[in-house]
There are 2 protein chains.
Amino acid sequence: MTDTPAFAPTVFQTFDVRTDPRMVAPRLAALRAEMTAAGLDGFLVPRTDAHRGESVPDSEARLAYMTGFTGSAGLAVIGRDKAALFIDGRYTLQAPSQTDTTLVDVIETSQGGVPDQIADFVPEGGKLGFDPWLHTPSEVEQLRTKFGDRLTLVAVSGNLVDTIWSDRPQPPATQIEFLGNNRAGRTAAEKLADLRATLSAAKADALVLTVPESINWLFNMRGRDVPNVPVVLCFALVPTDGTAVVYLTAERITDDIRKALDGVAEIRDTGAMIGDLRRLGAADARVMVDPASVPQAVATAIEGVSEGTLIKKRDPVVDAKAKKNDAELSGMREAHRLDGIALAKFLHWFDTEAPKGGLDEIGIVTALEALRREEETLVDISFETISGAGANGAIVHYRVDENSNRGLQPGELMLVDSGAQYLAGTTDITRTLFTGSATAEMKDRFTRVLKGMIALTMARYPKGTTGAQLDVLARQFLWQDGVTYSHGTGHGVGAFLGVHEGPAGFAPRYTLPIEAGMIISNEPGYYKAGEYGIRIENLVHITESADYPGYLEHETLTLAPIDLRLIDETLLTGAERDWLNAFHARVYDEIGPSLTGAVKDWLQQSTRAI
Amino acid sequence: MTDTPAFAPTVFQTFDVRTDPRMVAPRLAALRAEMTAAGLDGFLVPRTDAHRGESVPDSEARLAYMTGFTGSAGLAVIGRDKAALFIDGRYTLQAPSQTDTTLVDVIETSQGGVPDQIADFVPEGGKLGFDPWLHTPSEVEQLRTKFGDRLTLVAVSGNLVDTIWSDRPQPPATQIEFLGNNRAGRTAAEKLADLRATLSAAKADALVLTVPESINWLFNMRGRDVPNVPVVLCFALVPTDGTAVVYLTAERITDDIRKALDGVAEIRDTGAMIGDLRRLGAADARVMVDPASVPQAVATAIEGVSEGTLIKKRDPVVDAKAKKNDAELSGMREAHRLDGIALAKFLHWFDTEAPKGGLDEIGIVTALEALRREEETLVDISFETISGAGANGAIVHYRVDENSNRGLQPGELMLVDSGAQYLAGTTDITRTLFTGSATAEMKDRFTRVLKGMIALTMARYPKGTTGAQLDVLARQFLWQDGVTYSHGTGHGVGAFLGVHEGPAGFAPRYTLPIEAGMIISNEPGYYKAGEYGIRIENLVHITESADYPGYLEHETLTLAPIDLRLIDETLLTGAERDWLNAFHARVYDEIGPSLTGAVKDWLQQSTRAI
């Protein structure tokens, strides 16, 4: 299998095998030498960086450096003689293939939380070191509770991995961009005024922000420091009274940047932050931090050695950011129109090529990215495209690389879950593609997934309803047939920010009320291990009902056809058919005018009423 | 309006106006004199007794004695000069009408929890007394936290209300019955063996039970100590090793009772319990108690003055009891068959009489109870029938009395929510009755409620699913029209025990998995204030799916027709119509053979296929 030559190579997505299990042995040996020098019997290496985002820059990819494992979540414990890599159910196949399993035990554990077995990898009575920038106080506390008298946890300043990492990449320092009011909708000053009212109501003297999405949204900043999420990595301190501070690495602080934030925030070197926080703590200020993301190093600086003055609350910017304003919404609608054009071109191309045979997963990703890049305002993909041919479609978090790349056979289903970052906004769409034939079972499953997606889209519900309550609407038709999917039904999506954001979504774990202005994915699926995967995903914008006061409804943002050839029409109700026809009519109305020739004809045919 | 003379007066339900606001003044004065004598500035009077059941015996109705308020939940604080009665939203109309509002402020608060305003009714710096048998440690702790330095909470031994209550009824001492294995399904010894395994796994040395439903189920006992719930009021202590103890009031302890529990439990005087618990505590035993129901007096006895050895966990008997065994299930099916016969007679009678006019709410309750009493094994009603004519149907927790009794006009809807305790089991059924005509709006609402009830009945779902997830299935069709109901969709139901039981149900607050063997009500509704109320309620038994391993389904237990004249057939899907026809066919098959003549003809007509 080779890339389809008609398309230029990908820019944003790579298919390289990034790590090599053979690198693990020498690096473990080097780290253990550092451990010995530091008087430690073990060291913790989490996947996260201090900002706890989904993407980390190469300079922070310590877990991949030490173990070879490149997944988006995980934790290694390196003991004196043993080591373990804890991963969740998404990575049970990937992790053992990437690390050296003769040296590292790969252990599946639940997502989040602290694995029970860490203590088994460090000699009893030993000292286990950790980097206080990479763990929250509650994680540290859970570890201490688990260990009891068995192990001593030691905060280490200066990460030991960095000491042995001779070719460690430089930290990112990409161009910093500021959004105009036409795109941000509200000025940073306005957002800060609201935030200060929230802080004041919580009797907080200040708020520390460590998650870049929150800081970038608050100050209308964007950057390209990490793949897929258009943010500047930074920290911020927002006093309830007084000037906010944005902390950047020294080399990024220029007069232009200072000017851009003039009157809104002072800019200081990241190195100054801990001192500033210590002064706040020494003055007994009540400082709000988000316990889900605040590094231990930050909490310690504020609390000092005395009783804490921390107010642990969910980052209030997360709640504000989730409710998009009119400018953000119109950007998101525009982003979906642009993405719909690219998808129509892609789906038309695929429809022409797939029945001939010869496509493979990488070629499909390459085509999609190339067609998206025809739009000049594309700045990134919003995550690495999940391109699952046939049986690979059943691997929910599949990433294709040169080793795994699978040829697509006509008659197989093809699952493509992808998204883009346009200047206007962020998209996330999954379509399951027809390749010439489909079994009755495939059509039955596809139609049940579709019925669930439609039921959730058509839901109307009173304010105060949570995603935990609504999730079942998307599952009910699969459940009737004794099957389900093992992931949530939907996650929040940022506006030209992270493709995954809190605080609400559609899944049992989302117990906060859904609110108007949020954008949430609606993506039920069905996966038959070893055979095929199906997922259909649109994004919906939560709107106030015009006709039913106090009720919320969904506006679909995504504009791409759902393959009619995979639908068993006998399973659809009249209302479902009406929804599908209206959706397709809208797709053609909004996307059609930007297309010509064969693609336009294809779209017309693909969006016909049934 | 008068009772329909054709039926004998009710035995189980009363319609008397039980209290008189004029009694409040002298009783408050008397209690305040006792407070002064005891050096107190206030005293708490909750509705609950030490067993925290929904029903309390007359001897424990202290809240009604002091305030006149007879609702099933509430708390009064009697201060030196002021007094307040805290009630939840169900009682905003009833409470002010029953108490003397010139002396008692009626304050609405959320159900459960501790009201913020208690401190306002006691002079600052004062002492607020409470009876440690009537509050849990967590309630006491919440009060202490709320009061801070403002008030001192003082546990008072001997309830002050009892001191002034000269004509206080004797505590109940009804006949104690033991269930044979044909009804209980498992012996007490078998249940105890399972319970001890649970205690052992939790590393508990003993379990204290204070909730009668748990104790009665565990020891296969029943009694008639309180209305509606067929239990003996008692306490129990179950050591993980050694003999269990059931604590009864001295006068009930007979040789017969000792013999009945021979080899299973020792019987001791209730007065001996605190001493027994103190000895356990002094021996550093780890004692499990349910924090939701354990009285402070019990916790204090175990903990003594030293550090607690309490294991606070949800009563494990609640979980065991909820999953009915085969004998309990066949009893429950039989109870529903018997209740179906009574309901058919009642609905036929109502259908004949209602269009003529002249019925009233009390007459309807009387007829229903009389027709249930035709079955000899009826021992009680399972709660006071909610009989809401026209606008009264919109009052969700309505209790009819001589003052509120409303005449039913032809054309109005009639809501009847009732249940029975047969020796075989417990029922709970709501039907909304047609009286000659119905508006299009009434039919639309009725049909949406019905569609919700059917959707939840037909649900199939994987093990691990919670009632919080499923609740929306019953609401979705009402939500589509911008309306909902303000109560949960369903509660657990006991087998010849309480009509409300934990731990699972269908509502956002039920976050524990539903399990096979549970019986849960399915009762969506719609209420138009000042006009009418609609509710349709069947009980469902949770079953393992025969066809879909790992999935659960619902078997409907309730056997009574749903009025076809209230259905807008155009709103039903084919599947819903099929369900309704199959349900009605089953009702006729199972109930019809026990009926004759006009009632049988009526049932045949009422269960016809549409």
# chains A, B, ... in the order shown; residues from 1 in each chain; ligands from 1
call {"tool": "select_by_dssp", "arguments": {"residues": "region 369-470 of chain A", "states": "strand (DSSP E or B)", "output": "MDAnalysis selection string"}}
result
chainID A and resid 378:381 386:389 407 414:418 420:422 425:426 429:433 461:462 466
call {"tool": "residues_around", "arguments": {"residues": "Asp49 (chain B)", "least_positions_apart": "5", "cutoff": "7 Å", "atoms": "only C-alpha atoms", "output": "PyMOL selection string"}}
result
chain B and resi 56+60+134
call {"tool": "write_last_selection", "arguments": {"atoms": "all heavy atoms", "output": "mmCIF file, in the first residue's frame"}}
result
data_model
loop_
_atom_site.group_PDB
_atom_site.id
_atom_site.type_symbol
_atom_site.label_atom_id
_atom_site.label_comp_id
_atom_site.auth_asym_id
_atom_site.auth_seq_id
_atom_site.Cartn_x
_atom_site.Cartn_y
_atom_site.Cartn_z
ATOM 1 N N VAL B 56 -45.072 6.692 61.055
ATOM 2 C CA VAL B 56 -44.707 6.594 62.462
ATOM 3 C C VAL B 56 -45.966 6.217 63.226
ATOM 4 O O VAL B 56 -47.079 6.569 62.821
ATOM 5 C CB VAL B 56 -44.118 7.922 63.012
ATOM 6 C CG1 VAL B 56 -42.795 8.248 62.332
ATOM 7 C CG2 VAL B 56 -45.101 9.062 62.880
ATOM 8 N N GLU B 60 -45.440 8.342 68.306
ATOM 9 C CA GLU B 60 -44.233 9.054 67.874
ATOM 10 C C GLU B 60 -44.558 10.294 67.036
ATOM 11 O O GLU B 60 -43.661 10.934 66.498
ATOM 12 C CB GLU B 60 -43.339 8.118 67.049
ATOM 13 C CG GLU B 60 -42.841 6.899 67.812
ATOM 14 C CD GLU B 60 -41.728 7.223 68.810
ATOM 15 O OE1 GLU B 60 -40.910 8.111 68.515
ATOM 16 O OE2 GLU B 60 -41.697 6.587 69.882
ATOM 17 N N LEU B 134 -33.593 10.839 67.469
ATOM 18 C CA LEU B 134 -34.380 11.305 66.312
ATOM 19 C C LEU B 134 -33.529 12.027 65.267
ATOM 20 O O LEU B 134 -34.063 12.580 64.309
ATOM 21 C CB LEU B 134 -35.511 12.226 66.794
ATOM 22 C CG LEU B 134 -36.425 11.644 67.890
ATOM 23 C CD1 LEU B 134 -37.576 12.592 68.159
ATOM 24 C CD2 LEU B 134 -36.938 10.258 67.503
#
call {"tool": "residues_around", "arguments": {"residues": "region 102-104 of chain A", "least_positions_apart": "5", "cutoff": "9 Å", "atoms": "only C-alpha atoms", "output": "mmCIF file with C-alpha atoms, in the first residue's frame"}}
result
data_model
loop_
_atom_site.group_PDB
_atom_site.id
_atom_site.type_symbol
_atom_site.label_atom_id
_atom_site.label_comp_id
_atom_site.auth_asym_id
_atom_site.auth_seq_id
_atom_site.Cartn_x
_atom_site.Cartn_y
_atom_site.Cartn_z
ATOM 1 C CA VAL A 24 14.049 1.907 26.559
ATOM 2 C CA ALA A 25 16.904 -0.113 28.116
ATOM 3 C CA LEU A 28 16.098 3.297 32.069
ATOM 4 C CA THR A 67 9.013 4.090 27.704
ATOM 5 C CA ALA A 76 5.234 5.137 34.444
ATOM 6 C CA ILE A 78 10.639 3.511 37.325
ATOM 7 C CA ASP A 81 14.958 -3.014 39.434
ATOM 8 C CA LYS A 82 11.458 -2.960 37.998
ATOM 9 C CA ALA A 83 9.333 -0.527 36.068
ATOM 10 C CA ALA A 84 5.677 -0.315 35.120
ATOM 11 C CA LEU A 85 3.620 1.605 32.614
ATOM 12 C CA PRO A 96 3.003 -3.287 24.743
#
call {"tool": "interface_residues", "arguments": {"of": "chain A", "to": "chain B", "cutoff": "12 Å", "atoms": "only C-alpha atoms", "output": "ChimeraX atom specification"}}
result
/A:455-486,506-513,544-553,571-575
call {"tool": "write_last_selection", "arguments": {"atoms": "C-alpha atoms", "output": "PDB file, in the first residue's frame"}}
result
ATOM      1  CA  ALA A 455     -32.966  11.064  18.833  1.00  0.00           C
ATOM      2  CA  LEU A 456     -30.321  13.025  20.726  1.00  0.00           C
ATOM      3  CA  THR A 457     -30.284  15.738  18.072  1.00  0.00           C
ATOM      4  CA  MET A 458     -34.063  16.111  18.220  1.00  0.00           C
ATOM      5  CA  ALA A 459     -34.174  16.101  22.019  1.00  0.00           C
ATOM      6  CA  ARG A 460     -35.821  19.032  23.734  1.00  0.00           C
ATOM      7  CA  TYR A 461     -35.306  19.235  27.480  1.00  0.00           C
ATOM      8  CA  PRO A 462     -35.749  21.582  30.414  1.00  0.00           C
ATOM      9  CA  LYS A 463     -32.857  23.681  31.682  1.00  0.00           C
ATOM     10  CA  GLY A 464     -31.051  21.834  34.435  1.00  0.00           C
ATOM     11  CA  THR A 465     -30.962  18.571  32.479  1.00  0.00           C
ATOM     12  CA  THR A 466     -27.527  16.938  32.418  1.00  0.00           C
ATOM     13  CA  GLY A 467     -25.646  14.995  29.775  1.00  0.00           C
ATOM     14  CA  ALA A 468     -25.798  12.011  32.121  1.00  0.00           C
ATOM     15  CA  GLN A 469     -29.560  12.019  31.621  1.00  0.00           C
ATOM     16  CA  LEU A 470     -29.582  12.489  27.845  1.00  0.00           C
ATOM     17  CA  ASP A 471     -26.917   9.936  26.912  1.00  0.00           C
ATOM     18  CA  VAL A 472     -29.423   7.068  26.874  1.00  0.00           C
ATOM     19  CA  LEU A 473     -31.351   8.653  23.995  1.00  0.00           C
ATOM     20  CA  ALA A 474     -28.425   7.829  21.719  1.00  0.00           C
ATOM     21  CA  ARG A 475     -28.016   4.276  23.031  1.00  0.00           C
ATOM     22  CA  GLN A 476     -31.601   3.058  23.238  1.00  0.00           C
ATOM     23  CA  PHE A 477     -31.878   1.507  19.767  1.00  0.00           C
ATOM     24  CA  LEU A 478     -28.597  -0.387  20.076  1.00  0.00           C
ATOM     25  CA  TRP A 479     -29.582  -1.571  23.548  1.00  0.00           C
ATOM     26  CA  GLN A 480     -32.789  -2.969  22.085  1.00  0.00           C
ATOM     27  CA  ASP A 481     -30.567  -5.290  20.122  1.00  0.00           C
ATOM     28  CA  GLY A 482     -28.352  -6.101  23.073  1.00  0.00           C
ATOM     29  CA  VAL A 483     -25.349  -4.046  21.978  1.00  0.00           C
ATOM     30  CA  THR A 484     -23.805  -0.724  22.972  1.00  0.00           C
ATOM     31  CA  TYR A 485     -20.604   1.306  22.665  1.00  0.00           C
ATOM     32  CA  SER A 486     -17.983   1.687  25.344  1.00  0.00           C
ATOM     33  CA  PHE A 506     -23.354  13.593  26.779  1.00  0.00           C
ATOM     34  CA  ALA A 507     -22.272  10.652  28.972  1.00  0.00           C
ATOM     35  CA  PRO A 508     -23.024   9.269  32.429  1.00  0.00           C
ATOM     36  CA  ARG A 509     -19.990  11.098  33.842  1.00  0.00           C
ATOM     37  CA  TYR A 510     -21.322  14.539  32.856  1.00  0.00           C
ATOM     38  CA  THR A 511     -23.505  15.458  35.809  1.00  0.00           C
ATOM     39  CA  LEU A 512     -23.547  19.229  35.310  1.00  0.00           C
ATOM     40  CA  PRO A 513     -26.475  20.937  33.577  1.00  0.00           C
ATOM     41  CA  GLU A 544     -32.809  28.183  23.929  1.00  0.00           C
ATOM     42  CA  SER A 545     -36.088  26.944  22.525  1.00  0.00           C
ATOM     43  CA  ALA A 546     -37.960  29.737  20.757  1.00  0.00           C
ATOM     44  CA  ASP A 547     -41.302  28.004  21.203  1.00  0.00           C
ATOM     45  CA  TYR A 548     -40.943  26.376  24.610  1.00  0.00           C
ATOM     46  CA  PRO A 549     -39.638  28.774  27.263  1.00  0.00           C
ATOM     47  CA  GLY A 550     -37.239  27.181  29.713  1.00  0.00           C
ATOM     48  CA  TYR A 551     -36.368  24.387  27.280  1.00  0.00           C
ATOM     49  CA  LEU A 552     -33.202  23.736  25.327  1.00  0.00           C
ATOM     50  CA  GLU A 553     -32.812  22.345  21.821  1.00  0.00           C
ATOM     51  CA  LEU A 571     -36.090   0.866  10.649  1.00  0.00           C
ATOM     52  CA  LEU A 572     -36.687   4.612  10.388  1.00  0.00           C
ATOM     53  CA  THR A 573     -39.783   6.312  11.762  1.00  0.00           C
ATOM     54  CA  GLY A 574     -41.425   9.076   9.781  1.00  0.00           C
ATOM     55  CA  ALA A 575     -39.989  11.685  12.142  1.00  0.00           C
TER      56      ALA A 575
END
call {"tool": "select_by_dssp", "arguments": {"residues": "region 140-350 of chain A", "states": "helix (DSSP H, G or I)", "output": "NGL selection string"}}
result
:A and (140-147 or 160-164 or 181-184 or 188-201 or 212-218 or 250-252 or 255-260 or 270-282 or 296-303 or 316-322 or 326-350)
call {"tool": "residues_around", "arguments": {"residues": "Asn220 (chain A)", "least_positions_apart": "3", "cutoff": "12 Å", "atoms": "only C-alpha atoms", "output": "PyMOL selection string"}}
result
chain A and resi 176-192+212-217+223+230-232+260-261+264-265+321+328+495-497
call {"tool": "closest_residue", "arguments": {"among": "B:Leu595, B:Ala424, B:Ala193, B:Ile429", "to": "Thr385 (chain B)", "atoms": "only C-alpha atoms"}}
result
B:Ile429
call {"tool": "closest_residue", "arguments": {"among": "B:Ala354, B:Ala322, B:Ile381, B:Val416", "to": "Ala516 (chain B)", "atoms": "only C-alpha atoms"}}
result
B:Ala322
call {"tool": "residues_around", "arguments": {"residues": "Gln421 (chain B)", "least_positions_apart": "4", "cutoff": "7 Å", "atoms": "only C-alpha atoms", "output": "PyMOL selection string"}}
result
chain B and resi 378-382+425-427+496
call {"tool": "closest_residue", "arguments": {"among": "B:Ala119, B:Met442, B:Val400, B:Ile519", "to": "Phe15 (chain B)", "atoms": "only C-alpha atoms"}}
result
B:Val400
call {"tool": "residues_around", "arguments": {"residues": "Met453 (chain A)", "least_positions_apart": "3", "cutoff": "8 Å", "atoms": "only C-alpha atoms", "output": "ChimeraX atom specification"}}
result
/A:449-450,456-457,474,522-524,536-537
call {"tool": "atom_distance", "arguments": {"atom1": "CA of Ala394 (chain A)", "atom2": "CA of Tyr527 (chain A)"}}
result
4.6 Å
call {"tool": "atom_distance", "arguments": {"atom1": "CA of Thr254 (chain B)", "atom2": "CA of Arg222 (chain B)"}}
result
15.8 Å
call {"tool": "atom_distance", "arguments": {"atom1": "CA of Thr19 (chain A)", "atom2": "CA of Asp162 (chain A)"}}
result
17.4 Å
call {"tool": "residues_around", "arguments": {"residues": "Ala283 (chain B)", "least_positions_apart": "5", "cutoff": "10 Å", "atoms": "only C-alpha atoms", "output": "VMD selection string"}}
result
chain B and resid 277 to 278 302 309
